[in-house]
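Contents: one structure, followed by commentary.
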Amino acid sequence: MREFHPSQKEAIEHKDGPMMVLAGPGSGKTTVITHRVKHLVENCGVDPSSILVITFTRAAAREMQERFEKLMEEDVGSAADASGSAQKAGEALQAGNSALTSGSAQKAGGTLQAGSDAARARRRQQMSRAASRVSFGTFHSIFFTILKYAYRYQASNIVREEQRTRFVREMVEKLKLEIEDEHEFISSVLGEISFVKSEMVDLSHYYSQNCSEEMFKEIYAGYEERMRRANLLDFDDMLVMCHELFTKRPDILAAWQKKFRYILVDEFQDINKVQYEIVRMLARPEDNLFIVGDDDQSVYRFRGSKPEIMLGFPKDYPEAKTVLLGVNYRSTVEIVETASRLIRHNQKRYDKKLEAARGHGRPVITCVSADAQAETLRIVDEIKGYVQAGYRLEDIAILYRTNLNPRLMIEKLMEFNIPFTMKDSLPNLYDHWISKNVLAYIKAARGDLSRGNILQIINRPNRYISRDALEDAAVVWDRVESFYQDKRWMVERIEQLRYDLMMLKPMPPAAAVNYIRKAVGYDDYIKEYALYRRLKPEELMETLDQLQESAANYKTMEAWFDHMEDYRKRLQEQAQAQRTAHEGVSLMTMHGSKGLEFSVVYILDANEGITPHRKAVLNADLEEERRMFYVAMTRAKDRLHVCWAKERYGKKQKVSRFVEEYLT
């Protein structure tokens, strides 16, 4: 029988009424959930089909179900051990008796064995039935099942991601929006549509972050019209429609309340408003609602999740019991205490005292480097040292705030032939639309006057030159000037562009990028575009800074372009390798690391403006950024390195306030 910590035991053996389990990092929350389900079935006589376990991802639901099934199989194994003991008892009885009574002993042993075999078979059958009847699923899968019964929806009614993208693209074209980064814009707008639905926001009070309110309303209306016309549902529709169904049809709600009498919710800190409202309705009237989560690990505000929901749970359920799983079985004392010092700076949280079961280890290492190049080289050297010390590459993770951060790291890992895997798609700086614009200037200066190349630069910045002026497949500047022969100011603009291209031609890469940004005015163009798109200019400027940082490593354009081509090929090879192999150092965002653990963790670029991110202005944003850093720190089991650089892009950098907070 497994030994449990008293707090785990209390949570596992809880039966009726609401309970909130505050599960610190590495505290065994999945163990508690699966053992509680087992306890309800075996010791409380609860019908397995009346138990619902809700998770946030299919992978988590699958893992939870597999672990529960394994638990039930272990019970069958225990029955097998008992059967084996009975058989041995029979054999001993047979051997220990005289020939006169040996027949009786043999018969007794055989009877014991047969009885045990039958009991074991019955037990296996019972456990198998119980395991299969408990419902494990995501919010979306559970709610879609409810809608299937009510409205006869099928899987074919669920919209595909490419369809959603197409519907928004159609609206962008219809409204004739001038968007440079169409893919990013569509992705962001779809995220906003999702937020509006999941938070049940009144559209008339919603302020879009990507375009004007009127534009967003038109895109939203067009998207919804296309969805309804095709009889399609997106994931947020499943939640909203389920909420409406339960609100308008109390008879249907009552049927599902009777079906699911015990509800367990994993990662409760990530729940959003509409999900919570539905779960509350479903749990009534018995309110056997068992929630497990950690408000300190709530990092999905951009999806609508709010730690405030978990913080408000005791108000919604005054009779709820609260249990703290405060023992971390993953990390050393030094890592747990350092991370705890950081997270205590958040104001809106449950106060928790966490302790490490594993004992002491090495101190958390805060390392400062002169610049980003030195930072990445240092990490590469240390990774080699860890491998020599016996660690596997798979034991090591490099975590970062956004997908823009790891470019230099990727290049260095490739340069030193250190295998790595990435949870997210591999970014290519040189494929970004901003990079393509800058490179188009350089190509034009080097003789590429094809119409397609010139169209990328002709009005970036805006020179008000019409596409009609570029009639030929290869642009002839004299003809373009001739097109505007009666407009001297337009001819002057074309002459200035020709002059700029002439100046660019002999320049080395870094000087050329700088000339395009400052002399040509591309930086000013980016600032204007950011204003139009309601973006922070710094986010777009970072791409330009990275491009200039890359250019500084090469003396000639030929060498730089060769690097770009080689980098592209190696990224393709890496992407191909990741489909067939899963070996190497793990590179991922802080968001992507949630729920994982590694022996050695590096946090990259712990600089102010990166983490916390420069867009985090409000106190709620800063607290979320701090939670994200906390999540990253608590992924480490043995060694934690927090790295920052004094300089980047030729500008002095400040250490993250989070570093100062955990050091004091």
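Chain labels follow the order of the structure tokens: the first chain is A, the next B, and so on; residue numbering restarts at 1 in every chain, and ligands are counted from 1 in their shown order.
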
Would you please give, as a VMD selection string, all residues of segment 338-560 of chain A that DSSP assigns to strand (DSSP E) based on the backbone? chain A and resid 355 to 356 365 to 369 396 to 400 420 to 422

Just-selected residues, N, CA and C atoms written as a CSV table (one decimal), in the first residue's frame:
```
chain,number,residue,atom,x,y,z
A,355,GLU,N,7.6,23.2,1.1
A,355,GLU,CA,8.8,22.5,1.5
A,355,GLU,C,9.2,21.5,0.5
A,356,ALA,N,10.5,21.2,0.4
A,356,ALA,CA,11.1,20.3,-0.5
A,356,ALA,C,11.4,18.9,0.2
A,365,ILE,N,21.9,29.3,-9.7
A,365,ILE,CA,23.0,30.1,-10.3
A,365,ILE,C,22.4,31.3,-11.1
A,366,THR,N,22.7,32.5,-10.7
A,366,THR,CA,22.4,33.7,-11.5
A,366,THR,C,23.6,34.1,-12.3
A,367,CYS,N,23.6,34.0,-13.6
A,367,CYS,CA,24.8,34.3,-14.4
A,367,CYS,C,24.6,35.5,-15.3
A,368,VAL,N,25.5,36.4,-15.3
A,368,VAL,CA,25.5,37.6,-16.1
A,368,VAL,C,26.5,37.5,-17.2
A,369,SER,N,26.2,37.9,-18.4
A,369,SER,CA,27.2,37.9,-19.5
A,369,SER,C,27.3,39.3,-20.1
A,396,ILE,N,18.0,18.3,-20.0
A,396,ILE,CA,18.3,19.8,-20.0
A,396,ILE,C,17.3,20.6,-20.8
A,397,ALA,N,16.8,21.7,-20.2
A,397,ALA,CA,15.9,22.5,-20.9
A,397,ALA,C,16.3,24.0,-20.9
A,398,ILE,N,16.1,24.7,-22.0
A,398,ILE,CA,16.3,26.1,-22.1
A,398,ILE,C,15.0,26.8,-22.3
A,399,LEU,N,14.6,27.7,-21.4
A,399,LEU,CA,13.3,28.3,-21.4
A,399,LEU,C,13.4,29.8,-21.7
A,400,TYR,N,12.4,30.3,-22.4
A,400,TYR,CA,12.5,31.8,-22.8
A,400,TYR,C,11.1,32.3,-22.8
A,420,PHE,N,18.8,19.4,-30.5
A,420,PHE,CA,17.8,20.0,-29.6
A,420,PHE,C,16.4,19.7,-30.2
A,421,THR,N,15.4,19.9,-29.4
A,421,THR,CA,14.0,19.8,-29.9
A,421,THR,C,13.3,21.0,-29.4
A,422,MET,N,12.2,21.4,-30.2
A,422,MET,CA,11.4,22.5,-29.9
A,422,MET,C,10.0,22.2,-29.8
```

What's the 9 Å shell around Ala512 of chain A, counting only C-alpha atoms, without same-chain residues fewer than 5 positions away, as a PyMOL selection string? chain A and resi 442+503-507+517+551

Could you take the residues named above and write them with N, CA and C atoms, as a PDB file, in the first residue's frame?
```pdb
ATOM      1  N   ILE A 442      18.124  45.562 -50.055  1.00  0.00           N
ATOM      2  CA  ILE A 442      19.505  45.154 -50.341  1.00  0.00           C
ATOM      3  C   ILE A 442      19.590  44.452 -51.695  1.00  0.00           C
ATOM      4  N   MET A 503      23.648  54.163 -52.758  1.00  0.00           N
ATOM      5  CA  MET A 503      24.439  54.252 -51.536  1.00  0.00           C
ATOM      6  C   MET A 503      24.549  52.884 -50.844  1.00  0.00           C
ATOM      7  N   LEU A 504      23.486  52.112 -50.903  1.00  0.00           N
ATOM      8  CA  LEU A 504      23.454  50.807 -50.232  1.00  0.00           C
ATOM      9  C   LEU A 504      24.387  49.787 -50.887  1.00  0.00           C
ATOM     10  N   LYS A 505      24.554  49.874 -52.182  1.00  0.00           N
ATOM     11  CA  LYS A 505      25.238  48.824 -52.948  1.00  0.00           C
ATOM     12  C   LYS A 505      26.591  48.403 -52.385  1.00  0.00           C
ATOM     13  N   PRO A 506      27.508  49.338 -52.031  1.00  0.00           N
ATOM     14  CA  PRO A 506      28.825  48.900 -51.563  1.00  0.00           C
ATOM     15  C   PRO A 506      28.898  48.617 -50.059  1.00  0.00           C
ATOM     16  N   MET A 507      27.831  48.855 -49.341  1.00  0.00           N
ATOM     17  CA  MET A 507      27.888  48.773 -47.877  1.00  0.00           C
ATOM     18  C   MET A 507      27.974  47.337 -47.371  1.00  0.00           C
ATOM     19  N   ARG A 517      17.194  51.608 -42.055  1.00  0.00           N
ATOM     20  CA  ARG A 517      16.383  51.970 -40.894  1.00  0.00           C
ATOM     21  C   ARG A 517      16.360  53.479 -40.663  1.00  0.00           C
ATOM     22  N   ALA A 551      23.389  40.725 -38.919  1.00  0.00           N
ATOM     23  CA  ALA A 551      24.218  41.317 -39.976  1.00  0.00           C
ATOM     24  C   ALA A 551      25.612  41.671 -39.476  1.00  0.00           C
TER      25      ALA A 551
END
```

What is the atom CA of Ala510 of chain A to atom CA of Ile179 of chain A distance in Å? 27.6 Å

Return the single residue from A:Asp251, A:Asp605, A:Glu13, A:Glu565 that is closest to Val659 of chain A, with distances computed using only C-alpha atoms.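 Of the candidates, the smallest distance to Val659 of chain A is held by A:Asp605.
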
Counting only C-alpha atoms, the residue of A:His613, A:Lys352, A:Arg460, A:Arg2 that sits nearest Val323 of chain A: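 Among the listed residues, A:Lys352 lies closest to Val323 of chain A.
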
Would you list the contacts of segment 481-484 of chain A as a list in words, taking every protein, DNA or RNA residue within 12 Å and counting only C-alpha atoms, but skipping same-chain residues closer than 3 positions in sequence? Tyr464, Ile465, Ser466, Arg467, Asp468, Ala469, Leu470, Glu471, Val475, Val476, Trp477, Asp478, Lys487, Arg488, Trp489, Met490, Val491, Glu492, Arg493, Ile494, Glu495, Gln496, Leu497 and Arg498 of chain A

Each residue of segment 575-604 of chain A with at least one atom at most 8 Å from segment 402-406 of chain A should appear once, together with its nearest atom pair and the corresponding distance in Å (one decimal); atoms considered: only C-alpha atoms; ordering: chain, then increasing residue number; output as CSV.
```
residue,atom,partner,partner_atom,distance
A:Thr589,CA,A:Thr402,CA,5.9
A:Met590,CA,A:Thr402,CA,7.9
A:Leu604,CA,A:Asn405,CA,7.8
```

For the selection you just gave me, I'd like the residues written to a file as a short mmCIF file (atom, residue, chain, number, x, y, z; two decimals), in the first residue's frame, keeping N, CA, C and O atoms.
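Contents of out.cif, as written:
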```
data_model
loop_
_atom_site.label_atom_id
_atom_site.label_comp_id
_atom_site.auth_asym_id
_atom_site.auth_seq_id
_atom_site.Cartn_x
_atom_site.Cartn_y
_atom_site.Cartn_z
N THR A 589 9.05 27.87 -24.75
CA THR A 589 8.63 29.07 -24.02
C THR A 589 8.28 28.69 -22.59
O THR A 589 8.05 27.52 -22.27
N MET A 590 8.23 29.70 -21.74
CA MET A 590 7.81 29.47 -20.36
C MET A 590 6.40 28.89 -20.33
O MET A 590 6.10 27.99 -19.53
N LEU A 604 16.56 31.82 -20.13
CA LEU A 604 17.30 32.68 -21.05
C LEU A 604 16.80 34.13 -20.96
O LEU A 604 15.61 34.37 -20.80
#
```

Can you tell me how far atom CA of Asn607 of chain A sits from atom CA of Ile410 of chain A, in Å to one decimal?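 Computed distance, atom CA of Asn607 of chain A to atom CA of Ile410 of chain A, equals 19.0 Å.
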
With only C-alpha atoms as the basis for distance, which of A:His140, A:His345, A:Arg626, A:Arg229 is at the shortest distance from Ile278 of chain A?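 Nearest candidate to Ile278 of chain A out of A:His140, A:His345, A:Arg626, A:Arg229: A:His140.
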
So which residues touch segment 528-540 of chain A within 8 Å, counting only C-alpha atoms, skipping near sequence neighbours fewer than 6 positions away, as a list of chain:residue names? A:Gln209, A:Asn210, A:Cys211, A:Lys615

Measuring atom to atom with only C-alpha atoms, identify which of A:Asn328, A:Thr376, A:Thr634, A:Ser7 is nearest to Val364 of chain A.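 Counting only C-alpha atoms, the residue closest to Val364 of chain A is A:Thr634.
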
Which residues are close to Arg627 of chain A, i.e. within 6 Å by only C-alpha atoms, leaving aside same-chain residues fewer than 3 positions away? Reply as an MDAnalysis selection string. chainID A and resid 296:297 624 630

With only C-alpha atoms as the counted atoms, please give the residues lying no more than 8 Å from segment 17-28 of chain A, apart from itself and same-chain residues fewer than 2 positions off, as a count of residues only. 33
